[in-house]
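Heads up, the thing below is written out as structure tokens.
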Amino acid sequence: MAGNAVNHDCERHIGISFTEHVAESQHRLSPAARGELTSLLLHLMMAAKIIARETRKAGLVDILGLTGRTNVQGEKVQKLDDYADDIIIRNLRYTGHLCVMSSEEHEDIITIPERYAIGNYALTFDPLDGSSNIDANVSIGTIFSIQRRVSDGPTGTRQDILQRGKNQVCAGYIIYGSSTIMVYTTGHGVHGFTLDPSVGEFLLSHPDIRIPEQGRIYSVNEGNYYRWDAPARKLVEAFKSEENPRGEPYSSRYIGSLVADFHRNLLYGGIFIYPADAKSPSGKLRLLPEANPLAFVAHNAGGLATTGTQRILDIEPKRLHHRVPLIIGSRKDVEFAESFYSGGTGA
Ligand code: AHG
Ligand code: MN
Ligand code: MN
């Protein structure tokens, strides 16, 4: 009997494609919606599938031609992050759903060419996060954030991009690892899908992800320890001691791909920290393409994200490449971290 119950439970989500899931949830949330967001996400997933395919070939680059050089056909071989950037722009700009885009790889906003219709959403993305890991075959990913248009001119503007994180209507990421996984939220639960390459579809594999409220992992580039300010040092020392919410030392795990470090902590529980340091006094990570989308996912999975003194989703972006210190993950661990910055526990 128990076996049957488990089987039925699995059957409820096995075989549900991302296409079906996003269309159903959009219809449930706003029956009058015309499916624009659904269509936008499906185009983004198309781009992700192409990037996944190219990422898998990355190890062959030395055979097929070095990036930045010319391949045997006399064509310039693009760096994978430039390639991912191009693929996303080309798959999204003609959809009629976007008014403007912004990428970590571009200084300025990316406008929609005049020949295409202008839509009601703005997209910000990090085409390839953790790209320094590509040659070592370590997981990398694409991070995305979608906001509703706020400008009212003939095209979108910076104002559509420069919105607080709490205004996001959808955010998530795709990880190109041992399998290709995408995680997204529209503010109603966080759901994970795994790409089934045999059918070319993302299938629901992680319904309604909740981050454990307290973890056992801290993730930080500790090589920067002597450049950090006092709260960051004391916080990390606390995670290595018994003076923390768990009462025993946390495990240290750091991949160096934000998206992969975040995803592991989302599933297992834990905290990712990238503090300000003497070299990057505002922090290294970017608010719009990195911190905001992951913060939106974290909050919707029951976790938190802060700079230490301010919640990420409340920050008013000052510029496209605004950087922030980032502390993100399990609720109790992030609250513990905040206490170091508020003059509490260890500040
Ligand atoms: P990107 O590859 O998009 O430039 O991002 C790099 C990031 C991020 O993925 C990671 O968390 C962080 O840089 C690692 O930085 P350190 O090497 O300084 O630890
Ligand atoms: Mn990045
Ligand atoms: Mn990047």
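Letters for chains follow the order of the structure tokens (A, B, ...), residue numbers begin at 1 for each chain, and ligand numbers begin at 1 in the order shown.
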
Give me, as a count of residues only, all polymer residues having an atom no more than 8 Å from Ser103 (chain A), counting only C-alpha atoms and skipping those fewer than 5 positions away in the same chain. 8

Check which residues of chain A sit at most 12 Å from ligand 3 using only C-alpha atoms and all ligand atoms, and return one row each with the closest pair of atoms and their distance in Å to one decimal, ordered by chain and rising number, as CSV.
residue,atom,partner,partner_atom_place_in_ligand_line,distance
A:Lys79,CA,ligand 3,1 (Mn),11.5
A:Leu80,CA,ligand 3,1 (Mn),10.0
A:Asp81,CA,ligand 3,1 (Mn),6.6
A:Asp82,CA,ligand 3,1 (Mn),9.2
A:Tyr83,CA,ligand 3,1 (Mn),11.4
A:Ala84,CA,ligand 3,1 (Mn),9.5
A:Asp85,CA,ligand 3,1 (Mn),9.0
A:Ser103,CA,ligand 3,1 (Mn),8.6
A:Glu104,CA,ligand 3,1 (Mn),6.1
A:Glu105,CA,ligand 3,1 (Mn),6.9
A:His106,CA,ligand 3,1 (Mn),10.5
A:Thr124,CA,ligand 3,1 (Mn),11.9
A:Phe125,CA,ligand 3,1 (Mn),8.6
A:Asp126,CA,ligand 3,1 (Mn),4.9
A:Pro127,CA,ligand 3,1 (Mn),5.6
A:Leu128,CA,ligand 3,1 (Mn),4.2
A:Asp129,CA,ligand 3,1 (Mn),3.9
A:Gly130,CA,ligand 3,1 (Mn),6.3
A:Ser131,CA,ligand 3,1 (Mn),6.1
A:Ser132,CA,ligand 3,1 (Mn),8.9
A:Asn133,CA,ligand 3,1 (Mn),11.0
A:Ile134,CA,ligand 3,1 (Mn),11.3
A:Ile140,CA,ligand 3,1 (Mn),9.1
A:Gly141,CA,ligand 3,1 (Mn),8.4
A:Thr142,CA,ligand 3,1 (Mn),7.8
A:Ile143,CA,ligand 3,1 (Mn),8.7
A:Phe144,CA,ligand 3,1 (Mn),11.2
A:Gly256,CA,ligand 3,1 (Mn),12.0
A:Ser257,CA,ligand 3,1 (Mn),9.5
A:Leu258,CA,ligand 3,1 (Mn),9.9
A:Val259,CA,ligand 3,1 (Mn),10.2
A:Leu285,CA,ligand 3,1 (Mn),10.1
A:Arg286,CA,ligand 3,1 (Mn),9.9
A:Pro289,CA,ligand 3,1 (Mn),8.8
A:Glu290,CA,ligand 3,1 (Mn),8.9

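Here CA of Gly215 (chain A) and CA of Gln168 (chain A) stand 26.3 Å from one another.
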
note - CA of Tyr121 (chain A) and CA of Ile209 (chain A) are separated by 25.7 Å

*From a DSSP pass on the backbone, collect the residues of region 77-206 of chain A flagged as strand (DSSP E) and hand them back as a ChimeraX atom specification.*
/A:98-103,110-111,121-129,140-148,168-176,180-185,190-196,201-206

Check your understanding: Hey, what does DSSP flag as alpha helix (DSSP H) within region 111-307 of chain A? Can you give it to me as a ChimeraX atom specification?
Key -> /A:158-161,230-240,258-268,292-300
